[in-house]
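Listing of start09.pdb; format and content: PDB, C-alpha atoms.
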ATOM      1  CA  MET A  26      75.340  87.887  76.464
ATOM      2  CA  ASN A  27      72.304  87.131  74.362
ATOM      3  CA  LEU A  28      71.086  84.835  77.113
ATOM      4  CA  VAL A  29      71.467  87.497  79.778
ATOM      5  CA  LEU A  30      69.494  89.908  77.631
ATOM      6  CA  ALA A  31      66.727  87.342  77.256
ATOM      7  CA  VAL A  32      66.531  86.621  80.988
ATOM      8  CA  ASP A  33      66.822  90.245  81.999
ATOM      9  CA  VAL A  34      63.426  91.813  82.648
ATOM     10  CA  PRO A  35      63.413  95.566  82.099
ATOM     11  CA  PRO A  36      62.411  97.663  85.110
ATOM     12  CA  ILE A  37      58.730  98.454  84.980
ATOM     13  CA  SER A  38      59.349 102.199  85.086
ATOM     14  CA  HIS A  39      61.123 102.028  81.728
ATOM     15  CA  VAL A  40      58.157 100.427  80.037
ATOM     16  CA  THR A  41      55.137 101.995  81.607
ATOM     17  CA  ILE A  42      55.781 105.629  82.439
ATOM     18  CA  TRP A  43      54.346 107.800  79.689
ATOM     19  CA  GLY A  44      54.235 110.886  81.818
ATOM     20  CA  SER A  45      55.316 111.790  85.313
ATOM     21  CA  GLY A  46      54.020 113.779  88.250
ATOM     22  CA  PRO A  47      50.699 113.333  90.034
ATOM     23  CA  PHE A  48      48.749 113.432  86.780
ATOM     24  CA  GLY A  49      51.100 111.159  84.884
ATOM     25  CA  PHE A  50      49.350 108.666  82.673
ATOM     26  CA  ASN A  51      50.871 105.213  82.369
ATOM     27  CA  LYS A  52      49.944 101.658  81.424
ATOM     28  CA  THR A  53      48.351 100.972  84.820
ATOM     29  CA  ALA A  54      46.162 104.069  84.521
ATOM     30  CA  ALA A  55      45.220 103.082  80.965
ATOM     31  CA  ILE A  56      44.113  99.645  82.165
ATOM     32  CA  TYR A  57      42.028 101.172  84.967
ATOM     33  CA  LEU A  58      40.447 103.500  82.428
ATOM     34  CA  PHE A  59      39.626 100.469  80.270
ATOM     35  CA  ALA A  60      38.144  98.614  83.274
ATOM     36  CA  THR A  61      35.990 101.611  84.229
ATOM     37  CA  VAL A  62      34.741 102.128  80.685
ATOM     38  CA  ALA A  63      34.071  98.408  80.187
ATOM     39  CA  THR A  64      32.072  98.180  83.440
ATOM     40  CA  LEU A  65      30.079 101.302  82.570
ATOM     41  CA  LEU A  66      29.396 100.186  79.001
ATOM     42  CA  ILE A  67      28.223  96.703  79.981
ATOM     43  CA  PHE A  68      25.655  98.031  82.424
ATOM     44  CA  TRP A  69      24.674 101.039  80.328
ATOM     45  CA  LEU A  70      24.246  99.282  76.995
ATOM     46  CA  GLY A  71      23.121  96.014  78.550
ATOM     47  CA  THR A  72      20.209  97.505  80.465
ATOM     48  CA  ARG A  73      18.811  99.923  77.896
ATOM     49  CA  ARG A  74      16.142  97.543  76.578
ATOM     50  CA  LYS A  75      13.854  97.785  79.575
ATOM     51  CA  ASP A  76      10.833  96.464  77.649
ATOM     52  CA  ALA A  77      12.555  93.188  76.771
ATOM     53  CA  LEU A  78      11.668  90.529  79.299
ATOM     54  CA  VAL A  79      13.781  87.877  77.632
ATOM     55  CA  PRO A  80      17.415  88.967  77.602
ATOM     56  CA  SER A  81      19.223  88.743  74.290
ATOM     57  CA  GLY A  82      22.628  89.694  73.059
ATOM     58  CA  LEU A  83      26.022  89.353  74.717
ATOM     59  CA  LEU A  84      25.903  92.610  76.692
ATOM     60  CA  GLN A  85      22.472  92.118  78.210
ATOM     61  CA  ASN A  86      23.203  88.499  79.068
ATOM     62  CA  THR A  87      26.494  89.470  80.710
ATOM     63  CA  ALA A  88      24.903  92.277  82.697
ATOM     64  CA  GLU A  89      21.980  90.188  83.899
ATOM     65  CA  SER A  90      23.961  87.084  84.767
ATOM     66  CA  GLY A  91      26.563  89.270  86.502
ATOM     67  CA  VAL A  92      23.904  90.883  88.678
ATOM     68  CA  ALA A  93      22.338  87.489  89.372
ATOM     69  CA  PHE A  94      25.738  86.055  90.293
ATOM     70  CA  VAL A  95      26.533  88.828  92.756
ATOM     71  CA  ARG A  96      23.007  88.671  94.187
ATOM     72  CA  ASN A  97      22.801  84.879  94.631
ATOM     73  CA  GLN A  98      26.400  83.858  95.249
ATOM     74  CA  ILE A  99      27.670  86.829  97.242
ATOM     75  CA  ILE A 100      24.911  88.816  98.925
ATOM     76  CA  MET A 101      22.381  86.073  99.695
ATOM     77  CA  GLN A 102      25.152  83.793 100.969
ATOM     78  CA  THR A 103      26.536  86.329 103.410
ATOM     79  CA  MET A 104      24.199  89.224 104.225
ATOM     80  CA  GLY A 105      20.765  87.849 103.323
ATOM     81  CA  THR A 106      17.952  90.077 102.100
ATOM     82  CA  ASP A 107      19.119  92.988 104.301
ATOM     83  CA  GLY A 108      22.148  93.469 102.100
ATOM     84  CA  LEU A 109      20.384  93.795  98.750
ATOM     85  CA  GLY A 110      20.885  97.566  98.929
ATOM     86  CA  TYR A 111      24.597  96.981  98.396
ATOM     87  CA  LEU A 112      23.983  95.120  95.121
ATOM     88  CA  PRO A 113      24.962  98.031  92.795
ATOM     89  CA  TYR A 114      28.198  98.771  94.658
ATOM     90  CA  LEU A 115      29.266  95.138  94.928
ATOM     91  CA  THR A 116      28.419  94.407  91.272
ATOM     92  CA  ALA A 117      30.451  97.403  90.111
ATOM     93  CA  LEU A 118      33.305  96.409  92.428
ATOM     94  CA  PHE A 119      33.317  92.833  91.102
ATOM     95  CA  PHE A 120      33.322  93.843  87.439
ATOM     96  CA  PHE A 121      35.909  96.589  87.920
ATOM     97  CA  ILE A 122      38.365  94.280  89.710
ATOM     98  CA  PHE A 123      37.738  91.495  87.213
ATOM     99  CA  PHE A 124      38.376  93.723  84.199
ATOM    100  CA  SER A 125      41.537  95.220  85.661
ATOM    101  CA  ASN A 126      42.790  91.695  86.484
ATOM    102  CA  ILE A 127      41.944  90.002  83.203
ATOM    103  CA  THR A 128      44.252  92.296  81.203
ATOM    104  CA  GLU A 129      46.959  90.006  82.581
ATOM    105  CA  ILE A 130      46.267  87.587  79.720
ATOM    106  CA  PHE A 131      45.392  90.077  76.953
ATOM    107  CA  PRO A 132      47.985  89.835  74.176
ATOM    108  CA  PHE A 133      50.366  92.852  74.071
ATOM    109  CA  VAL A 134      48.904  94.268  77.293
ATOM    110  CA  GLN A 135      49.806  91.367  79.579
ATOM    111  CA  PHE A 136      49.764  93.273  82.801
ATOM    112  CA  PRO A 137      47.242  93.072  85.638
ATOM    113  CA  ALA A 138      46.731  96.656  86.790
ATOM    114  CA  ASN A 139      46.110  95.410  90.336
ATOM    115  CA  ALA A 140      49.733  94.243  90.536
ATOM    116  CA  ARG A 141      50.476  97.824  91.642
ATOM    117  CA  PHE A 142      49.021  98.372  95.078
ATOM    118  CA  GLY A 143      47.535 101.848  94.597
ATOM    119  CA  MET A 144      44.049 100.869  93.503
ATOM    120  CA  PRO A 145      43.760  97.786  95.780
ATOM    121  CA  LEU A 146      44.647 100.130  98.670
ATOM    122  CA  VAL A 147      41.944 102.603  97.668
ATOM    123  CA  LEU A 148      39.342  99.847  97.264
ATOM    124  CA  ALA A 149      40.294  98.299 100.622
ATOM    125  CA  LEU A 150      40.044 101.704 102.350
ATOM    126  CA  LEU A 151      36.646 102.202 100.704
ATOM    127  CA  THR A 152      35.507  98.867 102.145
ATOM    128  CA  TRP A 153      36.936  99.903 105.539
ATOM    129  CA  VAL A 154      35.022 103.192 105.486
ATOM    130  CA  ILE A 155      31.784 101.469 104.405
ATOM    131  CA  TYR A 156      31.755  98.800 107.092
ATOM    132  CA  ASN A 157      32.719 101.230 109.826
ATOM    133  CA  VAL A 158      30.046 103.726 108.794
ATOM    134  CA  VAL A 159      27.458 100.951 108.569
ATOM    135  CA  GLY A 160      28.488  99.645 111.992
ATOM    136  CA  VAL A 161      28.269 103.064 113.648
ATOM    137  CA  ALA A 162      24.975 103.858 111.943
ATOM    138  CA  LYS A 163      23.311 100.504 112.740
ATOM    139  CA  GLN A 164      24.600  99.926 116.283
ATOM    140  CA  GLY A 165      25.779 103.291 117.535
ATOM    141  CA  PRO A 166      29.444 104.053 118.185
ATOM    142  CA  ILE A 167      29.658 102.545 121.705
ATOM    143  CA  HIS A 168      27.891  99.300 120.834
ATOM    144  CA  TYR A 169      29.823  98.968 117.597
ATOM    145  CA  LEU A 170      33.157  99.275 119.364
ATOM    146  CA  LYS A 171      32.003  96.862 122.084
ATOM    147  CA  ASN A 172      30.672  94.273 119.643
ATOM    148  CA  SER A 173      33.742  94.379 117.434
ATOM    149  CA  THR A 174      36.290  94.084 120.254
ATOM    150  CA  ILE A 175      34.579  91.742 122.760
ATOM    151  CA  PRO A 176      33.638  88.389 121.261
ATOM    152  CA  PRO A 177      30.847  86.590 123.153
ATOM    153  CA  GLY A 178      31.755  83.900 125.665
ATOM    154  CA  VAL A 179      35.349  84.872 126.437
ATOM    155  CA  PRO A 180      36.597  84.262 130.026
ATOM    156  CA  ILE A 181      37.265  87.519 131.878
ATOM    157  CA  ALA A 182      40.898  86.620 132.598
ATOM    158  CA  ILE A 183      42.059  86.723 128.992
ATOM    159  CA  LEU A 184      39.661  89.489 127.941
ATOM    160  CA  PRO A 185      42.301  92.306 127.803
ATOM    161  CA  LEU A 186      44.495  90.264 125.476
ATOM    162  CA  VAL A 187      41.559  89.253 123.269
ATOM    163  CA  MET A 188      40.351  92.866 123.110
ATOM    164  CA  VAL A 189      43.709  94.100 121.807
ATOM    165  CA  ILE A 190      43.884  91.282 119.257
ATOM    166  CA  GLU A 191      40.325  91.872 118.055
ATOM    167  CA  LEU A 192      40.849  95.638 117.850
ATOM    168  CA  VAL A 193      43.942  95.241 115.675
ATOM    169  CA  SER A 194      42.386  92.478 113.589
ATOM    170  CA  THR A 195      39.172  94.400 112.888
ATOM    171  CA  PHE A 196      40.540  97.851 112.192
ATOM    172  CA  VAL A 197      44.084  97.297 110.892
ATOM    173  CA  VAL A 198      44.553  93.785 109.563
ATOM    174  CA  ARG A 199      41.262  93.633 107.634
ATOM    175  CA  PRO A 200      41.948  96.440 105.113
ATOM    176  CA  PHE A 201      45.642  95.568 104.967
ATOM    177  CA  SER A 202      44.995  91.905 104.160
ATOM    178  CA  LEU A 203      42.329  92.854 101.598
ATOM    179  CA  MET A 204      44.875  95.066  99.848
ATOM    180  CA  VAL A 205      47.757  92.607 100.061
ATOM    181  CA  ARG A 206      45.641  89.640  98.958
ATOM    182  CA  LEU A 207      44.560  91.226  95.695
ATOM    183  CA  PHE A 208      47.878  92.919  94.956
ATOM    184  CA  ALA A 209      50.150  89.977  95.835
ATOM    185  CA  ASN A 210      48.038  87.420  93.996
ATOM    186  CA  MET A 211      48.107  89.423  90.781
ATOM    187  CA  LEU A 212      51.802  90.269  91.152
ATOM    188  CA  ALA A 213      52.684  86.613  91.771
ATOM    189  CA  GLY A 214      50.672  85.460  88.756
ATOM    190  CA  HIS A 215      52.265  88.119  86.577
ATOM    191  CA  LEU A 216      55.768  87.129  87.765
ATOM    192  CA  ILE A 217      55.081  83.456  87.019
ATOM    193  CA  LEU A 218      53.962  84.275  83.468
ATOM    194  CA  VAL A 219      56.982  86.560  82.955
ATOM    195  CA  THR A 220      59.339  83.890  84.290
ATOM    196  CA  PHE A 221      58.075  81.197  81.950
ATOM    197  CA  ALA A 222      58.020  83.538  78.956
ATOM    198  CA  SER A 223      61.622  84.626  79.653
ATOM    199  CA  LEU A 224      62.575  81.000  80.166
ATOM    200  CA  CYS A 225      61.166  80.115  76.730
ATOM    201  CA  ALA A 226      63.220  82.913  75.159
ATOM    202  CA  ALA A 227      66.376  81.903  77.041
ATOM    203  CA  LEU A 228      66.038  78.239  76.094
ATOM    204  CA  TRP A 229      65.475  79.245  72.476
ATOM    205  CA  ALA A 230      68.650  81.315  72.453
ATOM    206  CA  LEU A 231      70.788  78.541  73.876
ATOM    207  CA  LYS A 232      70.862  75.878  71.129
ATOM    208  CA  PRO A 233      71.282  72.502  72.936
ATOM    209  CA  THR A 234      68.579  73.155  75.486
ATOM    210  CA  VAL A 235      65.938  73.994  72.933
ATOM    211  CA  VAL A 236      64.490  70.503  73.433
ATOM    212  CA  ILE A 237      63.254  71.582  76.883
ATOM    213  CA  MET A 238      61.514  74.645  75.501
ATOM    214  CA  PRO A 239      58.195  72.931  74.563
ATOM    215  CA  PHE A 240      57.693  71.906  78.208
ATOM    216  CA  SER A 241      58.273  75.441  79.393
ATOM    217  CA  PHE A 242      55.928  76.708  76.702
ATOM    218  CA  LEU A 243      53.200  74.195  77.627
ATOM    219  CA  LEU A 244      53.493  75.243  81.264
ATOM    220  CA  LEU A 245      53.207  78.878  80.166
ATOM    221  CA  VAL A 246      49.961  78.069  78.346
ATOM    222  CA  ALA A 247      48.655  76.143  81.363
ATOM    223  CA  MET A 248      49.554  78.979  83.752
ATOM    224  CA  THR A 249      47.790  81.455  81.472
ATOM    225  CA  GLY A 250      44.637  79.363  81.821
ATOM    226  CA  PHE A 251      45.159  79.244  85.563
ATOM    227  CA  GLU A 252      45.525  83.026  85.699
ATOM    228  CA  ILE A 253      42.058  83.426  84.119
ATOM    229  CA  LEU A 254      40.714  81.455  87.081
ATOM    230  CA  VAL A 255      42.790  83.494  89.537
ATOM    231  CA  SER A 256      41.650  86.864  88.209
ATOM    232  CA  PHE A 257      38.019  85.755  88.482
ATOM    233  CA  LEU A 258      38.580  84.254  91.936
ATOM    234  CA  GLN A 259      40.330  87.343  93.305
ATOM    235  CA  ALA A 260      37.502  89.618  92.138
ATOM    236  CA  PHE A 261      35.034  87.196  93.744
ATOM    237  CA  ILE A 262      36.987  86.992  97.014
ATOM    238  CA  PHE A 263      37.447  90.758  97.311
ATOM    239  CA  THR A 264      33.717  91.283  96.753
ATOM    240  CA  ILE A 265      32.578  88.527  99.106
ATOM    241  CA  LEU A 266      34.949  89.682 101.850
ATOM    242  CA  THR A 267      33.530  93.197 101.520
ATOM    243  CA  ALA A 268      30.074  91.658 101.911
ATOM    244  CA  VAL A 269      31.209  89.630 104.941
ATOM    245  CA  TYR A 270      32.694  92.699 106.636
ATOM    246  CA  ILE A 271      29.554  94.770 106.016
ATOM    247  CA  ASP A 272      27.504  91.847 107.357
ATOM    248  CA  SER A 273      29.606  91.700 110.528
ATOM    249  CA  SER A 274      28.763  95.389 111.089
ATOM    250  CA  MET A 275      25.065  94.941 110.315
ATOM    251  CA  HIS A 276      24.481  91.735 112.296
ATOM    252  CA  PRO A 277      26.925  91.529 115.238
ATOM    253  CA  ALA A 278      27.502  88.164 116.886
ATOM    254  CA  HIS A 279      25.635  87.875 120.173
TER
ATOM    255  CA  MET B   9      76.784  78.925  81.648
ATOM    256  CA  VAL B  10      77.304  82.587  80.883
ATOM    257  CA  LEU B  11      74.603  83.466  83.372
ATOM    258  CA  LEU B  12      76.163  81.250  86.032
ATOM    259  CA  HIS B  13      79.567  82.879  85.569
ATOM    260  CA  LEU B  14      77.956  86.276  85.760
ATOM    261  CA  LEU B  15      76.168  85.350  88.990
ATOM    262  CA  LEU B  16      79.374  83.939  90.468
ATOM    263  CA  ALA B  17      81.244  87.100  89.546
ATOM    264  CA  GLN B  18      78.547  89.194  91.227
ATOM    265  CA  ALA B  19      78.640  87.004  94.333
ATOM    266  CA  ALA B  20      82.421  87.351  94.533
ATOM    267  CA  ALA B  21      82.143  91.111  94.216
ATOM    268  CA  ASP B  22      79.475  91.515  96.907
ATOM    269  CA  PRO B  23      78.969  88.516  99.197
ATOM    270  CA  THR B  24      76.027  90.051 101.106
ATOM    271  CA  LYS B  25      73.930  90.015  97.940
ATOM    272  CA  GLY B  26      73.794  86.248  98.000
ATOM    273  CA  LEU B  27      72.817  86.282 101.675
ATOM    274  CA  THR B  28      69.903  88.614 100.895
ATOM    275  CA  ALA B  29      68.690  86.208  98.249
ATOM    276  CA  ILE B  30      68.931  83.314 100.696
ATOM    277  CA  GLY B  31      67.034  85.359 103.271
ATOM    278  CA  ARG B  32      64.267  86.069 100.794
ATOM    279  CA  GLY B  33      63.983  82.394  99.971
ATOM    280  CA  ILE B  34      63.806  81.452 103.644
ATOM    281  CA  VAL B  35      61.167  84.120 104.357
ATOM    282  CA  TYR B  36      58.857  83.013 101.594
ATOM    283  CA  GLY B  37      59.490  79.311 102.160
ATOM    284  CA  GLY B  38      58.804  79.632 105.882
ATOM    285  CA  ALA B  39      55.688  81.712 105.301
ATOM    286  CA  ALA B  40      54.317  79.089 102.909
ATOM    287  CA  ILE B  41      54.508  76.133 105.319
ATOM    288  CA  GLY B  42      51.642  77.021 107.646
ATOM    289  CA  PRO B  43      49.188  78.262 105.006
ATOM    290  CA  GLY B  44      49.956  75.141 102.944
ATOM    291  CA  ILE B  45      48.843  72.915 105.794
ATOM    292  CA  GLY B  46      45.928  75.241 106.542
ATOM    293  CA  ILE B  47      44.569  75.312 102.988
ATOM    294  CA  GLY B  48      44.907  71.535 102.864
ATOM    295  CA  LEU B  49      42.767  71.232 105.996
ATOM    296  CA  VAL B  50      40.175  73.729 104.733
ATOM    297  CA  VAL B  51      39.739  72.148 101.312
ATOM    298  CA  GLY B  52      39.916  68.579 102.626
ATOM    299  CA  ASN B  53      37.172  69.182 105.151
ATOM    300  CA  ALA B  54      35.093  71.078 102.590
ATOM    301  CA  ILE B  55      35.313  68.098 100.202
ATOM    302  CA  THR B  56      34.284  65.761 103.030
ATOM    303  CA  ALA B  57      31.304  67.985 103.764
ATOM    304  CA  MET B  58      30.302  68.155 100.094
ATOM    305  CA  ALA B  59      30.571  64.377  99.721
ATOM    306  CA  ARG B  60      28.437  63.769 102.802
ATOM    307  CA  GLN B  61      25.808  66.324 101.911
ATOM    308  CA  PRO B  62      25.869  67.183  98.195
ATOM    309  CA  GLU B  63      22.786  69.442  98.473
ATOM    310  CA  SER B  64      24.749  71.898 100.637
ATOM    311  CA  ALA B  65      27.677  72.052  98.190
ATOM    312  CA  GLY B  66      26.947  75.671  97.176
ATOM    313  CA  THR B  67      27.140  77.050 100.715
ATOM    314  CA  VAL B  68      30.156  74.905 101.552
ATOM    315  CA  ARG B  69      31.986  76.108  98.432
ATOM    316  CA  THR B  70      31.454  79.788  99.289
ATOM    317  CA  THR B  71      32.628  79.245 102.857
ATOM    318  CA  MET B  72      35.587  77.241 101.563
ATOM    319  CA  PHE B  73      36.733  80.131  99.373
ATOM    320  CA  LEU B  74      36.428  82.468 102.364
ATOM    321  CA  GLY B  75      38.516  80.122 104.483
ATOM    322  CA  ILE B  76      41.111  79.810 101.729
ATOM    323  CA  ALA B  77      41.289  83.596 101.418
ATOM    324  CA  PHE B  78      41.899  84.077 105.143
ATOM    325  CA  THR B  79      44.510  81.320 105.275
ATOM    326  CA  GLU B  80      46.261  82.364 102.092
ATOM    327  CA  ALA B  81      46.744  85.918 103.376
ATOM    328  CA  LEU B  82      49.587  84.741 105.631
ATOM    329  CA  ALA B  83      51.511  83.239 102.726
ATOM    330  CA  LEU B  84      51.002  86.442 100.757
ATOM    331  CA  PHE B  85      52.366  88.526 103.639
ATOM    332  CA  GLY B  86      55.508  86.409 103.367
ATOM    333  CA  PHE B  87      55.586  86.930  99.608
ATOM    334  CA  VAL B  88      55.414  90.703 100.001
ATOM    335  CA  LEU B  89      57.943  90.664 102.847
ATOM    336  CA  ALA B  90      60.395  88.784 100.623
ATOM    337  CA  PHE B  91      60.188  91.694  98.184
ATOM    338  CA  ILE B  92      60.557  94.290 100.919
ATOM    339  CA  ILE B  93      63.779  92.731 102.274
ATOM    340  CA  SER B  94      66.699  94.531 100.710
ATOM    341  CA  GLY B  95      70.328  94.456 101.548
TER
END
Would it be possible to restate this file's structure as structure tokens?
Amino acid sequence: MNLVLAVDVPPISHVTIWGSGPFGFNKTAAIYLFATVATLLIFWLGTRRKDALVPSGLLQNTAESGVAFVRNQIIMQTMGTDGLGYLPYLTALFFFIFFSNITEIFPFVQFPANARFGMPLVLALLTWVIYNVVGVAKQGPIHYLKNSTIPPGVPIAILPLVMVIELVSTFVVRPFSLMVRLFANMLAGHLILVTFASLCAALWALKPTVVIMPFSFLLLVAMTGFEILVSFLQAFIFTILTAVYIDSSMHPAH
Amino acid sequence: MVLLHLLLAQAAADPTKGLTAIGRGIVYGGAAIGPGIGIGLVVGNAITAMARQPESAGTVRTTMFLGIAFTEALALFGFVLAFIISG
């Protein structure tokens, strides 16, 4: 029975719900609050010394290298100089997603807030609204619809089929896959960590198999390192895909 | 052993539960085949490109991550679908 207790993972609702109703405050909301405050503080405290040309201190270095990273690795690679106006939004998006992912490996927190699909859905819908508004504003509604459903160089015979596919892929699959990618990656990583941690506990409880426990524990440590990479990579991918979608609205393929 | 007996007892009580679990495994396993091959192709070709032209490694790496993200989405759909299946 001890073993079953060790393997059994309590339902999330038992652990995280501190209040209920639409304004209920739980662990996920607390992590999002932390991510918001951390993003705000880094860019507020890190950019106060406007007279200092040479950056110093952890906060200023983080803020400046974060902005440089988003500018050089995300915007210049996808949108070019036209997209530099989106630098504040994309930087905030990157840091917010990264901070709400990285709590996955914080001791005693150990939960990526993006493993619940509420906030990924909101962020994906925000991206959807931005690239549609940009497309309509830059190309006009008729041209935008034409450019996003008719790819250049398609034979006329299969055009109806291609148009339906492109319409669904641009306006339905894009936000859905953005949401699912972030949410499922963080949920899968969290489940892997939980599985190996429970396995360690179960092997500890059952005396003869305790010799296997170090291997499970080493794999747990290795997966924790891997999850640091994943939470960075998912923030990067969400941000760069937002940039790619905005770019496809700003510069349609001819 | 205790866990195994418990699982067997559950399976005897409700045989469809085991079938649901098998279905979940098949859904995720099937959904992982194609993206596995696809990510292999993407990364393999990206490494070839980087080895041939190391000065373009930065651009190739960004595009590689994009390609991985698009390919991986299919496997993740299967992962989510495996959770949605209930019986």
Restrict the distance test to only C-alpha atoms, flag each residue of chain B within 8 Å of chain A, and return the flagged residues as a short mmCIF file (atom, residue, chain, number, x, y, z; two decimals) with C-alpha atoms, in the frame of the given file.
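As written to disk, iface.cif reads:
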data_model
loop_
_atom_site.label_atom_id
_atom_site.label_comp_id
_atom_site.auth_asym_id
_atom_site.auth_seq_id
_atom_site.Cartn_x
_atom_site.Cartn_y
_atom_site.Cartn_z
CA VAL B 10 77.30 82.59 80.88
CA LEU B 11 74.60 83.47 83.37
CA THR B 67 27.14 77.05 100.72
CA THR B 70 31.45 79.79 99.29
CA PHE B 73 36.73 80.13 99.37
CA LEU B 74 36.43 82.47 102.36
CA ALA B 77 41.29 83.60 101.42
CA GLU B 80 46.26 82.36 102.09
CA ALA B 81 46.74 85.92 103.38
CA LEU B 84 51.00 86.44 100.76
CA PHE B 85 52.37 88.53 103.64
CA PHE B 87 55.59 86.93 99.61
CA VAL B 88 55.41 90.70 100.00
#
Report summary line: One decimal place gives the atom CA of Tyr111 of chain A-atom CA of Tyr156 of chain A separation as 11.4 Å
Query raised in the report: Within 12 Å of Thr195 of chain A, counting all atoms listed in the file, which residues qualify if same-chain residues fewer than 2 places away don't, as a PyMOL selection string?
Result: chain A and resi 153+156-157+160+169-176+187-193+197-203+270-271+273-274
Please determine an axis-aligned box that encloses all atoms of segment 50-65 of chain B listed in the file, with 4 Å added on each side, and express its centre and edge lengths in Å to one decimal as AutoDock Vina command-line options.
--center_x 31.5 --center_y 68.7 --center_z 101.7 --size_x 25.4 --size_y 18.0 --size_z 15.0
Query raised in the report: Neighbours of Ser64 of chain B within 12 Å (all atoms listed in the file; same-chain residues fewer than 6 positions away dropped), as a list of chain:residue names?
Result: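 These residues fall inside the cut-off: A:Gln102, B:Ala54, B:Ile55, B:Thr56, B:Ala57, B:Met58, B:Thr70, B:Thr71.
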Query raised in the report: Which residues, written as a list in words, have at least one atom at most 8 Å from Val35 of chain B, with only C-alpha atoms counted and residues fewer than 6 positions away on the same chain left out?
Result: Gly86, Phe87, Leu89 and Ala90 of chain B
Now that the selection is made, can you save its residues with C-alpha atoms as a CSV table (one decimal), in the frame of the given file?
chain,number,residue,atom,x,y,z
B,86,GLY,CA,55.5,86.4,103.4
B,87,PHE,CA,55.6,86.9,99.6
B,89,LEU,CA,57.9,90.7,102.8
B,90,ALA,CA,60.4,88.8,100.6
Query raised in the report: Which of these residues is nearest to Ala83 of chain B, using all atoms listed in the file: B:Ala59, B:Asn53, B:Gly37, B:Val68?
Result: B:Gly37
Hey, what comes out of the PyMOL selection byres ((chain A and resi 136) around 10) on this file? Could you write it as a PDB file with C-alpha atoms, in the frame of the given file?
ATOM      1  CA  LYS A  52      49.944 101.658  81.424  1.00  0.00           C
ATOM      2  CA  THR A  53      48.351 100.972  84.820  1.00  0.00           C
ATOM      3  CA  ILE A  56      44.113  99.645  82.165  1.00  0.00           C
ATOM      4  CA  SER A 125      41.537  95.220  85.661  1.00  0.00           C
ATOM      5  CA  ASN A 126      42.790  91.695  86.484  1.00  0.00           C
ATOM      6  CA  ILE A 127      41.944  90.002  83.203  1.00  0.00           C
ATOM      7  CA  THR A 128      44.252  92.296  81.203  1.00  0.00           C
ATOM      8  CA  GLU A 129      46.959  90.006  82.581  1.00  0.00           C
ATOM      9  CA  ILE A 130      46.267  87.587  79.720  1.00  0.00           C
ATOM     10  CA  PHE A 131      45.392  90.077  76.953  1.00  0.00           C
ATOM     11  CA  PRO A 132      47.985  89.835  74.176  1.00  0.00           C
ATOM     12  CA  PHE A 133      50.366  92.852  74.071  1.00  0.00           C
ATOM     13  CA  VAL A 134      48.904  94.268  77.293  1.00  0.00           C
ATOM     14  CA  GLN A 135      49.806  91.367  79.579  1.00  0.00           C
ATOM     15  CA  PRO A 137      47.242  93.072  85.638  1.00  0.00           C
ATOM     16  CA  ALA A 138      46.731  96.656  86.790  1.00  0.00           C
ATOM     17  CA  ASN A 139      46.110  95.410  90.336  1.00  0.00           C
ATOM     18  CA  ALA A 140      49.733  94.243  90.536  1.00  0.00           C
ATOM     19  CA  ARG A 141      50.476  97.824  91.642  1.00  0.00           C
ATOM     20  CA  MET A 211      48.107  89.423  90.781  1.00  0.00           C
ATOM     21  CA  LEU A 212      51.802  90.269  91.152  1.00  0.00           C
ATOM     22  CA  GLY A 214      50.672  85.460  88.756  1.00  0.00           C
ATOM     23  CA  HIS A 215      52.265  88.119  86.577  1.00  0.00           C
ATOM     24  CA  LEU A 216      55.768  87.129  87.765  1.00  0.00           C
ATOM     25  CA  LEU A 218      53.962  84.275  83.468  1.00  0.00           C
ATOM     26  CA  VAL A 219      56.982  86.560  82.955  1.00  0.00           C
TER      27      VAL A 219
END
Query raised in the report: So how far away is atom CA of Phe142 of chain A from atom CA of Arg32 of chain B, in Å?
Result: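 Those two atoms sit 20.4 Å apart.
Of note, atom CA of Trp69 of chain A and atom CA of Leu151 of chain A are spaced 23.7 Å apart.
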Query - Answer key for the PyMOL selection byres ((chain B and resi 47) around 8), residues as an MDAnalysis selection string - result: chainID B and resid 43:46 48:51 75:76 79:80
Requested in this report: Find, counting all atoms listed in the file, the residue in A:Leu58, A:Leu84, A:Val161, A:Val179 that gets nearest to Pro277 of chain A.
Outcome: A:Val161
Requested in this report: May I have the residues within 10 Å of Phe68 of chain A as a ChimeraX atom specification, using all atoms listed in the file and disregarding those fewer than 5 positions away in the same chain?
Outcome: /A:63,73,84-85,87-89,91-92,116-117
Query raised in the report: For the file shown, what are the residues hit by the PyMOL selection byres ((chain A and resi 239) around 12), laid out as a list of chain:residue names?
Result: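 Against this file, the PyMOL selection byres ((chain A and resi 239) around 12) returns the residues A:Phe221, A:Ala222, A:Leu224, A:Cys225, A:Ala226, A:Leu228, A:Trp229, A:Thr234, A:Val235, A:Val236, A:Ile237, A:Met238, A:Phe240, A:Ser241, A:Phe242, A:Leu243, A:Leu244, A:Leu245, A:Val246.
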Residues of the last selection are to be written out with C-alpha atoms, as a short mmCIF file (atom, residue, chain, number, x, y, z; two decimals), in the coordinates of the input.
data_model
loop_
_atom_site.label_atom_id
_atom_site.label_comp_id
_atom_site.auth_asym_id
_atom_site.auth_seq_id
_atom_site.Cartn_x
_atom_site.Cartn_y
_atom_site.Cartn_z
CA PHE A 221 58.08 81.20 81.95
CA ALA A 222 58.02 83.54 78.96
CA LEU A 224 62.58 81.00 80.17
CA CYS A 225 61.17 80.11 76.73
CA ALA A 226 63.22 82.91 75.16
CA LEU A 228 66.04 78.24 76.09
CA TRP A 229 65.47 79.24 72.48
CA THR A 234 68.58 73.16 75.49
CA VAL A 235 65.94 73.99 72.93
CA VAL A 236 64.49 70.50 73.43
CA ILE A 237 63.25 71.58 76.88
CA MET A 238 61.51 74.64 75.50
CA PHE A 240 57.69 71.91 78.21
CA SER A 241 58.27 75.44 79.39
CA PHE A 242 55.93 76.71 76.70
CA LEU A 243 53.20 74.19 77.63
CA LEU A 244 53.49 75.24 81.26
CA LEU A 245 53.21 78.88 80.17
CA VAL A 246 49.96 78.07 78.35
#
